[in-house]
Amino acid sequence: MGSVINSYLTTRLEVLASRLIGLENFPEIIDSELQEILERFSCLEENDTSCDIQKIHRSLIGRALRDFEILFRPFTGVERDLLNYAVHWYELSNLKTLIRGKFTGKSDSAIENELLNLESFAVLPLERLLETDDPLEMMRLLEETAYSSIVRQARSIYEEEGQNLFSLDAAIDRMFFNGLAQRIRFLEFNDQQQASELFGAFLDRLNLLWLMRYRFSYNLSPAKSYYLLATTGKKIHSGNLMKLAKLENLPELISQLPKPLDSLIANMTNMTDIENTMQYYVLSAAVKTLKYSPSVITRVFAYILVRESEIQFLHAVIKGKFLGFDKTLISKATGGMHA
Amino acid sequence: MIDFAVKMQHLSLTMLKEDAPTASIELAKLQAVHLIEAKSDDNPLDDMPAQDYQQLYQSLNSRYQKIANYFEAADKKVMPVSEAISLEALKEVSHKIKSLWSIISGFEEEIRQAKDNINLTRQLESSLERFSSLDMDLGILARESRFIKIFIGTVPNNEYDQLQRALSLADTVIDVFRQVDIHHYVTVITTRDHQNDVSEILKSAGFHEITIPQELHQHPDVIRKDIEKQLSDYQQKVDELMKKINTAITENRETLDKTLEVLTGAKPYVALANGLFGKGELVYLEGWVPDDKKQQVDQQLQQKLVYPYLLEYRDPKQEELLRVPFLRRSSRLMKPFHALVSQYGIPEYSEVDPTRLFAFSYILMFGMMFGDIGHGAVIVLGGFLLRNKINGLFTFASLAGLSSMIFGLLYGSIFGYEHVIHPVWMSPMQDPSHMLVLALYWGIGFIIIANLLSIYNLLAIDQKEQAFFSNRGISGLVLFLGSIYTGYQYLVNNSFGMTELLIIGVPLSVILWKHWQHMDGSVAEKALLLVIEGLDNMINILSSTLSFLRVAAFSLNHVALALAVFTLAGMMDTFGHVVTVVLGNLFIIVLEGGIVAIQCLRLEYYEGFSRFFSGHGRRFEPLKIEPVL
């Protein structure tokens, strides 16, 4: 990438990063009034007075996507491919909503209401998929898209009643993260190192939480739990994960974690606390990468992660305020995003 | 030379809900109403009564389109519309089509399964040799065992590594015996204790079990025959299912025709749905109607609506002007030029329609830049020959060609020959400086007209401040004229005094002062921006004016290119000479003709339209009856 484009991207990133809330300001947002939050973050589209939580979520994502689009423009080749792929996370959310909705017999309008508008990032023919009359027809159509590889699993889950949809969600997520890891491997050496470091930390958090959930909440077997996890992370490699999957209780699992994760969540017994601590750990790493990484593509990648967390945070806070929850409860629910 | 949009009237129609479908059909037949989809603030009726109808229509249309994929092209008809379609009629047809699609979709699913089986069997066929070379008694694989469970099948390639590691945690062995594009053929051996766990994991991995052919121990030819038979059975099944689909369509032909009729008839009401508001039995719609169509609308509604209704018209309000659609009515001659103007944008309702001016100046410039009797005639002929390929090409080519011929006569040029006929005026090469000066005058005139139009347009949309003080307004025009005068004084009389300074300085100061008032930031930032703005204004004036020199430059270029062709031809024998002259002329017509056409368009768009034409207007798109397919 040329130095002019590099400088442009650095400046553009600085501008966008300066508009982020900042982890230290999250508690202040929780203390603010709902209307103030809605106005400050332009959560409502023009002329929209409905205050529908789904619409607000869509609007937050819509604005983020518009910023991503501008940010991605100077990139080409493998870098552009990686960034576009990363944003497909939202498309997968649509895919899950669609499959879940069709499998459980939700009305088209109810499904449509939950779908995100991805504008130029959209690949799925959502309208046609929505128009399908039953899950089998939807899967036939899905087979013609870029997501055909998950159709077989989806079909097997649909045909085998009693199988939980979460294993399909896990398959979709795993497909996504494997694809992302593969694309990071295509980057130039220095970029690859930096991006793998951040992505690895992100995967550690994800794998650890999923493993704990599968093993101790859903009581799945070690083999099935391991199978549903994503690709290898930064500290918890595949071999570690296999060992951890065999362990029978949470304290044992925590004690066997590689450093620094073991001390990070040592003595924790509550899943929410572990989840919050791990999330804060990853977010801090992403913020640090966004500020200091010498690799521009990694900084953009970090920006996507931080922006996504910000959307989640705002969504959670706004939803909490809509439902009339008190600040302590909202603070606890979003604990992973602030100190 | 300039036109205005057809005068529009705001229409509001309040009627009973039952009459709305009829109103939609009648208005669609007239093609006279551009609907307003947003609800106006003073409208208390805020339900959207046609939305159920719209949703039903969309699902019916979607199913119909899916079934229509199986029709022969010749079977797809365009249905005439006679009457409005009620919600009940839509429901009735929708119900029938839903049932029909459910049958066809079931067949589609069976076809999909059969095709999957064909693929798997084909892959199995190609893996037979690997099966037979497995160093084990294959009968074991098919037999049930007390302690061991064996699975044979395929898993997607991308799942294999994770699956292998996961299965190792369940004391299970997985072995690949064949790899194809997207699948691994695997044997999975596990203990009975882990059978359920492994089975679940395999399902999550998209494992597809394969039944080992009983005859595997037999001679390969026998096995192949069996597989061939299986393949042929599956194919037969696919063919039968296709026949069933066709039969279902044939048997329901009448329903399908009726559906198309219903869809066509329902479409106008569906188009109306987003602009139809109501409460209870009362509905209300708004739109824009060309002034001269009011009476027709009135008559039609009076004749067709059953219940009383209230139809009101009024002039557009000032604040609505930017939303009023733009409609132009003009001759066939102007059609190709409309298309070129529309490429840039649609004028606002109050703005002038620049099409005629565009057509006149474009054709004039084309002739000036590409003046040649022969080349012009070829362009006319080309347009005539291709008249059926591109709509409007003949008109456009005829006018451009004729202009080229007229200027060819003035320049005395025919197929590049400058001495065959005597020029009525002069050849461009005879006095290039004179040509350049004329082009400059043409450019100045062009920009003055563009500025005047800009002032008119700004006043028409009530932007008085812009009309007086911006570079698109009177100040801009004065600055331009002042700059031209100053340039002239400096170049011709070598003088630059207080008068010149004032006639540039005053309008420029006015423009910058207005800018300053609308700027944000510190004084230093504003000052810097203002300096840049001032420089930009002056450079723009210079570059825009000089831009028109290309009109003369291309007329010279045309002669120069012809000279080059003749010089080359002069080096050849008679045959070579003729061929070079013919090919050279063709080259000039295609290449230079194309470049001149683009350059004219560039001058129109960037030196003309960008000064006075926002292009942000809305096209008048009336409610009309359209074919469904």
# chains A, B, ... in the order shown; residues from 1 in each chain; ligands from 1
>>> interface_residues(of="chain A", to="chain B", cutoff="6 Å", atoms="only C-alpha atoms", output="MDAnalysis selection string")
chainID A and resid 152:153 223:224 226:227
>>> residues_around(residues="region 263-271 of chain B", least_positions_apart="4", cutoff="9 Å", atoms="only C-alpha atoms", output="VMD selection string")
chain B and resid 20 to 25 27 to 28 35 50 to 51 53 to 55 57 to 58 60 to 61 78 to 86 90 258 to 259 275 623 to 628
>>> residues_around(residues="region 560-570 of chain B", least_positions_apart="2", cutoff="9 Å", atoms="only C-alpha atoms", output="list in words")
Phe415, Gly416, Tyr417, Met429, Ser555, Leu556, Asn557, His558, Met572, Asp573, Thr574, Gly576, His577, Val578, Val579, Thr580, Val581, Leu583, Gly584, Asn585, Ile588 and Glu592 of chain B
>>> select_by_dssp(residues="region 97-281 of chain B", states="helix (DSSP H, G or I)", output="NGL selection string")
:B and (97-133 or 138-142 or 157-168 or 192-204 or 214-217 or 220-251 or 253-275)
>>> write_last_selection(atoms="C-alpha atoms", output="CSV table (one decimal), in the first residue's frame")
chain,number,residue,atom,x,y,z
B,97,ILE,CA,-51.6,-20.7,-6.2
B,98,LYS,CA,-50.3,-21.5,-2.7
B,99,SER,CA,-51.6,-25.0,-3.0
B,100,LEU,CA,-50.2,-25.4,-6.5
B,101,TRP,CA,-46.8,-24.1,-5.5
B,102,SER,CA,-46.8,-26.4,-2.5
B,103,ILE,CA,-47.3,-29.4,-4.8
B,104,ILE,CA,-44.6,-28.1,-7.2
B,105,SER,CA,-42.2,-27.3,-4.3
B,106,GLY,CA,-42.7,-30.8,-3.0
B,107,PHE,CA,-41.7,-32.2,-6.4
B,108,GLU,CA,-38.7,-29.8,-6.5
B,109,GLU,CA,-37.5,-31.2,-3.2
B,110,GLU,CA,-37.8,-34.7,-4.4
B,111,ILE,CA,-35.9,-33.7,-7.5
B,112,ARG,CA,-33.2,-32.2,-5.3
B,113,GLN,CA,-33.0,-35.4,-3.3
B,114,ALA,CA,-32.8,-37.5,-6.5
B,115,LYS,CA,-30.1,-35.3,-7.9
B,116,ASP,CA,-28.1,-35.5,-4.6
B,117,ASN,CA,-28.4,-39.3,-4.9
B,118,ILE,CA,-27.2,-39.2,-8.5
B,119,ASN,CA,-24.1,-37.2,-7.4
B,120,LEU,CA,-23.4,-39.5,-4.5
B,121,THR,CA,-23.8,-42.6,-6.6
B,122,ARG,CA,-21.6,-41.2,-9.3
B,123,GLN,CA,-18.9,-40.5,-6.7
B,124,LEU,CA,-19.4,-44.0,-5.2
B,125,GLU,CA,-19.0,-45.5,-8.7
B,126,SER,CA,-15.7,-43.7,-9.1
B,127,SER,CA,-14.6,-44.9,-5.6
B,128,LEU,CA,-15.4,-48.5,-6.3
B,129,GLU,CA,-11.8,-49.4,-7.0
B,130,ARG,CA,-10.7,-47.9,-3.7
B,131,PHE,CA,-13.4,-49.9,-1.9
B,132,SER,CA,-12.2,-53.1,-3.5
B,133,SER,CA,-8.6,-52.3,-2.6
B,138,LEU,CA,-16.0,-55.5,3.5
B,139,GLY,CA,-18.8,-57.7,4.8
B,140,ILE,CA,-17.7,-56.5,8.3
B,141,LEU,CA,-18.6,-53.0,7.4
B,142,ALA,CA,-22.2,-53.9,6.6
B,157,ASN,CA,-13.5,-31.2,3.4
B,158,ASN,CA,-13.5,-28.1,5.6
B,159,GLU,CA,-14.9,-30.1,8.5
B,160,TYR,CA,-12.4,-32.9,8.5
B,161,ASP,CA,-9.5,-31.6,10.6
B,162,GLN,CA,-11.7,-30.4,13.5
B,163,LEU,CA,-13.8,-33.6,13.3
B,164,GLN,CA,-10.7,-35.8,13.5
B,165,ARG,CA,-9.5,-34.1,16.6
B,166,ALA,CA,-12.9,-34.1,18.2
B,167,LEU,CA,-13.5,-37.8,17.5
B,168,SER,CA,-10.2,-38.6,19.1
B,192,ARG,CA,-20.8,-48.8,21.1
B,193,ASP,CA,-20.4,-46.6,24.2
B,194,HIS,CA,-19.6,-43.6,22.1
B,195,GLN,CA,-21.9,-44.4,19.2
B,196,ASN,CA,-24.6,-41.8,20.1
B,197,ASP,CA,-22.1,-39.1,20.8
B,198,VAL,CA,-20.2,-39.8,17.6
B,199,SER,CA,-23.4,-40.0,15.6
B,200,GLU,CA,-24.5,-36.5,16.9
B,201,ILE,CA,-21.1,-35.0,16.1
B,202,LEU,CA,-21.2,-36.5,12.6
B,203,LYS,CA,-24.6,-35.0,12.0
B,204,SER,CA,-23.4,-31.6,13.1
B,214,GLN,CA,-24.3,-55.8,-0.9
B,215,GLU,CA,-22.7,-57.0,-4.1
B,216,LEU,CA,-19.3,-55.6,-3.3
B,217,HIS,CA,-17.8,-58.9,-3.2
B,220,PRO,CA,-16.7,-55.2,-10.6
B,221,ASP,CA,-18.8,-55.3,-13.8
B,222,VAL,CA,-21.8,-56.6,-11.9
B,223,ILE,CA,-21.5,-53.9,-9.4
B,224,ARG,CA,-21.1,-51.3,-12.1
B,225,LYS,CA,-24.3,-52.5,-13.8
B,226,ASP,CA,-26.1,-52.2,-10.5
B,227,ILE,CA,-24.9,-48.7,-10.0
B,228,GLU,CA,-25.8,-47.8,-13.6
B,229,LYS,CA,-29.2,-49.1,-12.9
B,230,GLN,CA,-29.5,-47.0,-9.7
B,231,LEU,CA,-28.4,-43.9,-11.7
B,232,SER,CA,-30.9,-44.6,-14.4
B,233,ASP,CA,-33.6,-45.1,-11.8
B,234,TYR,CA,-32.8,-41.8,-10.2
B,235,GLN,CA,-32.7,-40.0,-13.5
B,236,GLN,CA,-36.0,-41.6,-14.4
B,237,LYS,CA,-37.4,-40.3,-11.1
B,238,VAL,CA,-36.2,-36.8,-11.9
B,239,ASP,CA,-37.8,-37.0,-15.4
B,240,GLU,CA,-41.1,-38.3,-13.9
B,241,LEU,CA,-41.1,-35.5,-11.3
B,242,MET,CA,-40.5,-32.9,-14.1
B,243,LYS,CA,-43.4,-34.4,-16.0
B,244,LYS,CA,-45.6,-34.2,-12.8
B,245,ILE,CA,-44.7,-30.5,-12.5
B,246,ASN,CA,-45.6,-29.9,-16.1
B,247,THR,CA,-48.9,-31.9,-15.7
B,248,ALA,CA,-49.7,-29.8,-12.6
B,249,ILE,CA,-49.1,-26.7,-14.6
B,250,THR,CA,-51.2,-27.8,-17.6
B,251,GLU,CA,-54.0,-28.9,-15.3
B,253,ARG,CA,-53.5,-23.5,-16.7
B,254,GLU,CA,-56.8,-21.7,-16.3
B,255,THR,CA,-55.9,-20.8,-12.7
B,256,LEU,CA,-52.5,-19.5,-13.8
B,257,ASP,CA,-54.1,-17.4,-16.6
B,258,LYS,CA,-56.6,-16.0,-14.1
B,259,THR,CA,-53.8,-15.3,-11.7
B,260,LEU,CA,-51.9,-13.3,-14.2
B,261,GLU,CA,-55.1,-11.3,-14.9
B,262,VAL,CA,-55.6,-10.8,-11.2
B,263,LEU,CA,-52.0,-9.7,-10.7
B,264,THR,CA,-52.1,-7.3,-13.6
B,265,GLY,CA,-55.3,-5.8,-12.3
B,266,ALA,CA,-54.2,-5.6,-8.7
B,267,LYS,CA,-50.9,-4.0,-9.5
B,268,PRO,CA,-52.1,-0.4,-9.7
B,269,TYR,CA,-53.8,-0.7,-6.3
B,270,VAL,CA,-50.6,-2.2,-4.9
B,271,ALA,CA,-48.6,0.7,-6.3
B,272,LEU,CA,-51.1,2.9,-4.5
B,273,ALA,CA,-50.7,1.1,-1.2
B,274,ASN,CA,-47.8,3.2,0.2
B,275,GLY,CA,-49.6,6.4,-0.5
>>> residues_around(residues="Glu351 (chain B)", least_positions_apart="4", cutoff="9 Å", atoms="only C-alpha atoms", output="PyMOL selection string")
chain B and resi 4-5+347+453-454+456-458+460-461+612-614+617
>>> write_last_selection(atoms="C-alpha atoms", output="PDB file, in the first residue's frame")
ATOM      1  CA  PHE B   4     -40.616  24.752 -18.551  1.00  0.00           C
ATOM      2  CA  ALA B   5     -42.166  21.769 -16.830  1.00  0.00           C
ATOM      3  CA  PRO B 347     -34.667  19.395 -13.610  1.00  0.00           C
ATOM      4  CA  LEU B 453     -30.412  30.533 -16.403  1.00  0.00           C
ATOM      5  CA  SER B 454     -28.820  29.874 -13.047  1.00  0.00           C
ATOM      6  CA  TYR B 456     -33.575  32.426 -12.986  1.00  0.00           C
ATOM      7  CA  ASN B 457     -33.536  28.942 -11.430  1.00  0.00           C
ATOM      8  CA  LEU B 458     -32.348  30.209  -8.051  1.00  0.00           C
ATOM      9  CA  ALA B 460     -37.644  30.243  -9.057  1.00  0.00           C
ATOM     10  CA  ILE B 461     -36.880  28.080  -6.049  1.00  0.00           C
ATOM     11  CA  PHE B 612     -27.532  26.269 -13.576  1.00  0.00           C
ATOM     12  CA  PHE B 613     -28.964  22.812 -13.386  1.00  0.00           C
ATOM     13  CA  SER B 614     -29.219  20.929 -10.084  1.00  0.00           C
ATOM     14  CA  GLY B 617     -35.655  16.909  -9.678  1.00  0.00           C
TER      15      GLY B 617
END
>>> residues_around(residues="Ile236 (chain A)", least_positions_apart="6", cutoff="8 Å", atoms="only C-alpha atoms", output="PyMOL selection string")
chain A and resi 204+257-258
>>> residues_around(residues="Phe176 (chain A)", least_positions_apart="4", cutoff="9 Å", atoms="only C-alpha atoms", output="PyMOL selection string")
chain A and resi 85-86+88-89+92+171-172+180-181+230
>>> closest_residue(among="B:Ser470, B:Ser94, B:Gln318, B:Ser413", to="Lys514 (chain B)", atoms="only C-alpha atoms")
B:Ser470
>>> closest_residue(among="A:Ser120, A:Gln256, A:Thr328, A:Ser217", to="Asn270 (chain A)", atoms="only C-alpha atoms")
A:Ser217
>>> residues_around(residues="region 60-73 of chain A", least_positions_apart="4", cutoff="10 Å", atoms="only C-alpha atoms", output="PyMOL selection string")
chain A and resi 8-10+12-13+16+41-45+54-56+79-81+83-84+87+90+116-121+297+300+303-304+307-308+310-312+314-315
>>> write_last_selection(atoms="N, CA and C atoms", output="tab-separated table (two decimals), in the first residue's frame")
chain	number	residue	atom	x	y	z
A	8	TYR	N	-3.59	8.59	4.41
A	8	TYR	CA	-5.03	8.89	4.35
A	8	TYR	C	-5.79	7.99	5.34
A	9	LEU	N	-5.44	6.69	5.31
A	9	LEU	CA	-6.15	5.74	6.18
A	9	LEU	C	-5.89	6.03	7.65
A	10	THR	N	-4.62	6.39	7.94
A	10	THR	CA	-4.29	6.69	9.33
A	10	THR	C	-5.12	7.88	9.81
A	12	ARG	N	-7.95	8.99	8.51
A	12	ARG	CA	-9.36	8.59	8.53
A	12	ARG	C	-9.66	7.77	9.79
A	13	LEU	N	-8.74	6.87	10.12
A	13	LEU	CA	-8.92	6.04	11.32
A	13	LEU	C	-8.91	6.90	12.59
A	16	LEU	N	-12.24	8.57	12.86
A	16	LEU	CA	-13.30	7.64	13.27
A	16	LEU	C	-13.09	7.18	14.71
A	41	PHE	N	-26.16	9.79	20.10
A	41	PHE	CA	-25.61	8.83	19.14
A	41	PHE	C	-26.48	8.68	17.89
A	42	SER	N	-27.34	9.67	17.66
A	42	SER	CA	-28.24	9.68	16.49
A	42	SER	C	-28.78	8.28	16.23
A	43	CYS	N	-29.40	7.72	17.26
A	43	CYS	CA	-29.86	6.33	17.16
A	43	CYS	C	-31.09	6.17	16.28
A	44	LEU	N	-31.78	7.28	16.06
A	44	LEU	CA	-33.00	7.16	15.25
A	44	LEU	C	-32.75	7.72	13.87
A	45	GLU	N	-33.29	7.03	12.86
A	45	GLU	CA	-33.18	7.53	11.49
A	45	GLU	C	-34.04	8.80	11.39
A	54	GLN	N	-35.47	-2.56	17.83
A	54	GLN	CA	-34.87	-3.24	16.66
A	54	GLN	C	-34.40	-2.20	15.64
A	55	LYS	N	-35.23	-1.19	15.46
A	55	LYS	CA	-34.90	-0.15	14.49
A	55	LYS	C	-33.64	0.59	14.94
A	56	ILE	N	-33.55	0.84	16.23
A	56	ILE	CA	-32.38	1.55	16.76
A	56	ILE	C	-31.12	0.72	16.52
A	79	GLU	N	-6.45	-7.71	1.34
A	79	GLU	CA	-6.83	-6.87	2.48
A	79	GLU	C	-8.31	-6.50	2.41
A	80	ARG	N	-8.74	-6.10	1.20
A	80	ARG	CA	-10.15	-5.74	1.01
A	80	ARG	C	-11.04	-6.95	1.26
A	81	ASP	N	-10.55	-8.10	0.78
A	81	ASP	CA	-11.31	-9.33	0.95
A	81	ASP	C	-11.49	-9.64	2.43
A	83	LEU	N	-11.42	-7.55	4.98
A	83	LEU	CA	-12.31	-6.59	5.65
A	83	LEU	C	-13.77	-6.83	5.28
A	84	ASN	N	-14.01	-7.06	3.99
A	84	ASN	CA	-15.39	-7.34	3.57
A	84	ASN	C	-15.90	-8.61	4.26
A	87	VAL	N	-16.96	-8.06	7.83
A	87	VAL	CA	-18.27	-7.42	7.98
A	87	VAL	C	-19.41	-8.40	7.70
A	90	TYR	N	-22.29	-9.66	10.14
A	90	TYR	CA	-23.68	-9.19	10.23
A	90	TYR	C	-24.58	-10.00	9.30
A	116	LEU	N	-31.07	-7.27	9.42
A	116	LEU	CA	-30.29	-6.05	9.30
A	116	LEU	C	-30.16	-5.66	7.83
A	117	ASN	N	-30.14	-4.36	7.59
A	117	ASN	CA	-29.96	-3.90	6.21
A	117	ASN	C	-28.46	-3.67	5.97
A	118	LEU	N	-27.86	-4.55	5.19
A	118	LEU	CA	-26.40	-4.46	5.03
A	118	LEU	C	-25.98	-3.67	3.80
A	119	GLU	N	-26.94	-3.13	3.09
A	119	GLU	CA	-26.68	-2.32	1.90
A	119	GLU	C	-25.64	-2.96	0.99
A	120	SER	N	-24.53	-2.27	0.75
A	120	SER	CA	-23.58	-2.79	-0.25
A	120	SER	C	-22.84	-4.04	0.23
A	121	PHE	N	-22.91	-4.36	1.51
A	121	PHE	CA	-22.21	-5.55	2.00
A	121	PHE	C	-23.06	-6.82	1.86
A	297	ILE	N	-3.93	-2.31	8.35
A	297	ILE	CA	-5.05	-3.24	8.18
A	297	ILE	C	-5.48	-3.80	9.54
A	300	VAL	N	-7.50	-1.21	11.29
A	300	VAL	CA	-8.89	-1.17	10.77
A	300	VAL	C	-9.68	-2.34	11.34
A	303	TYR	N	-10.58	-1.57	14.72
A	303	TYR	CA	-11.67	-0.59	14.74
A	303	TYR	C	-13.03	-1.29	14.58
A	304	ILE	N	-13.06	-2.26	13.68
A	304	ILE	CA	-14.32	-3.00	13.47
A	304	ILE	C	-14.75	-3.68	14.78
A	307	ARG	N	-15.84	-1.00	17.32
A	307	ARG	CA	-17.12	-0.40	16.91
A	307	ARG	C	-18.27	-1.38	17.16
A	308	GLU	N	-18.03	-2.66	16.87
A	308	GLU	CA	-19.06	-3.67	17.09
A	308	GLU	C	-19.40	-3.75	18.59
A	310	GLU	N	-19.08	-1.37	20.69
A	310	GLU	CA	-19.80	-0.14	21.03
A	310	GLU	C	-21.30	-0.29	20.68
A	311	ILE	N	-21.55	-0.90	19.51
A	311	ILE	CA	-22.95	-1.11	19.10
A	311	ILE	C	-23.65	-2.01	20.11
A	312	GLN	N	-22.94	-3.09	20.48
A	312	GLN	CA	-23.53	-4.02	21.46
A	312	GLN	C	-23.82	-3.31	22.77
A	314	LEU	N	-24.25	0.00	23.33
A	314	LEU	CA	-25.35	0.96	23.22
A	314	LEU	C	-26.70	0.24	23.14
A	315	HIS	N	-26.71	-0.85	22.38
A	315	HIS	CA	-27.94	-1.62	22.24
A	315	HIS	C	-28.39	-2.14	23.61
>>> select_by_dssp(residues="region 163-360 of chain B", states="strand (DSSP E or B)", output="PyMOL selection string")
chain B and resi 173-179+183-191+208-209+276-279+282-290+310-314+326+346+352-353
>>> decode(residues="region 87-141 of chain A", atoms="C-alpha atoms", output="compact mmCIF listing (two decimals), in the first residue's frame")
# COMPACT_ATOMS: atom_id res chain seq x y z
CA VAL A 87 -18.27 -7.42 7.98
CA HIS A 88 -20.10 -10.53 6.81
CA TRP A 89 -20.49 -11.25 10.49
CA TYR A 90 -23.68 -9.19 10.23
CA GLU A 91 -24.82 -11.17 7.25
CA LEU A 92 -24.38 -14.36 9.24
CA SER A 93 -26.57 -12.83 11.89
CA ASN A 94 -29.22 -12.39 9.18
CA LEU A 95 -28.68 -15.95 8.04
CA LYS A 96 -29.18 -17.28 11.56
CA THR A 97 -32.28 -15.14 12.03
CA LEU A 98 -33.67 -16.42 8.75
CA ILE A 99 -32.98 -20.10 9.43
CA ARG A 100 -34.19 -19.88 13.00
CA GLY A 101 -37.30 -18.01 11.91
CA LYS A 102 -38.16 -20.41 9.09
CA PHE A 103 -37.44 -23.51 11.20
CA THR A 104 -39.64 -22.28 14.00
CA GLY A 105 -42.43 -21.12 11.68
CA LYS A 106 -42.21 -17.38 12.37
CA SER A 107 -44.09 -15.07 10.02
CA ASP A 108 -42.14 -13.42 7.21
CA SER A 109 -42.85 -9.96 8.57
CA ALA A 110 -41.58 -10.96 12.03
CA ILE A 111 -38.38 -12.35 10.50
CA GLU A 112 -38.00 -9.31 8.26
CA ASN A 113 -38.29 -7.02 11.25
CA GLU A 114 -35.24 -8.69 12.81
CA LEU A 115 -33.08 -8.57 9.69
CA LEU A 116 -30.29 -6.05 9.30
CA ASN A 117 -29.96 -3.90 6.21
CA LEU A 118 -26.40 -4.46 5.03
CA GLU A 119 -26.68 -2.32 1.90
CA SER A 120 -23.58 -2.79 -0.25
CA PHE A 121 -22.21 -5.55 2.00
CA ALA A 122 -25.21 -7.82 1.44
CA VAL A 123 -24.60 -11.05 -0.42
CA LEU A 124 -27.66 -13.05 0.56
CA PRO A 125 -30.79 -12.66 -1.60
CA LEU A 126 -32.79 -11.91 1.55
CA GLU A 127 -36.01 -10.99 -0.19
CA ARG A 128 -36.13 -14.23 -2.16
CA LEU A 129 -35.18 -16.27 0.90
CA LEU A 130 -37.95 -14.62 2.87
CA GLU A 131 -40.46 -15.36 0.16
CA THR A 132 -39.86 -19.10 0.43
CA ASP A 133 -42.81 -21.06 1.74
CA ASP A 134 -41.00 -23.57 3.92
CA PRO A 135 -37.53 -24.37 5.30
CA LEU A 136 -36.84 -26.97 2.59
CA GLU A 137 -37.48 -24.44 -0.16
CA MET A 138 -35.34 -21.92 1.68
CA MET A 139 -32.47 -24.40 1.91
CA ARG A 140 -32.73 -25.19 -1.81
CA LEU A 141 -32.36 -21.49 -2.51
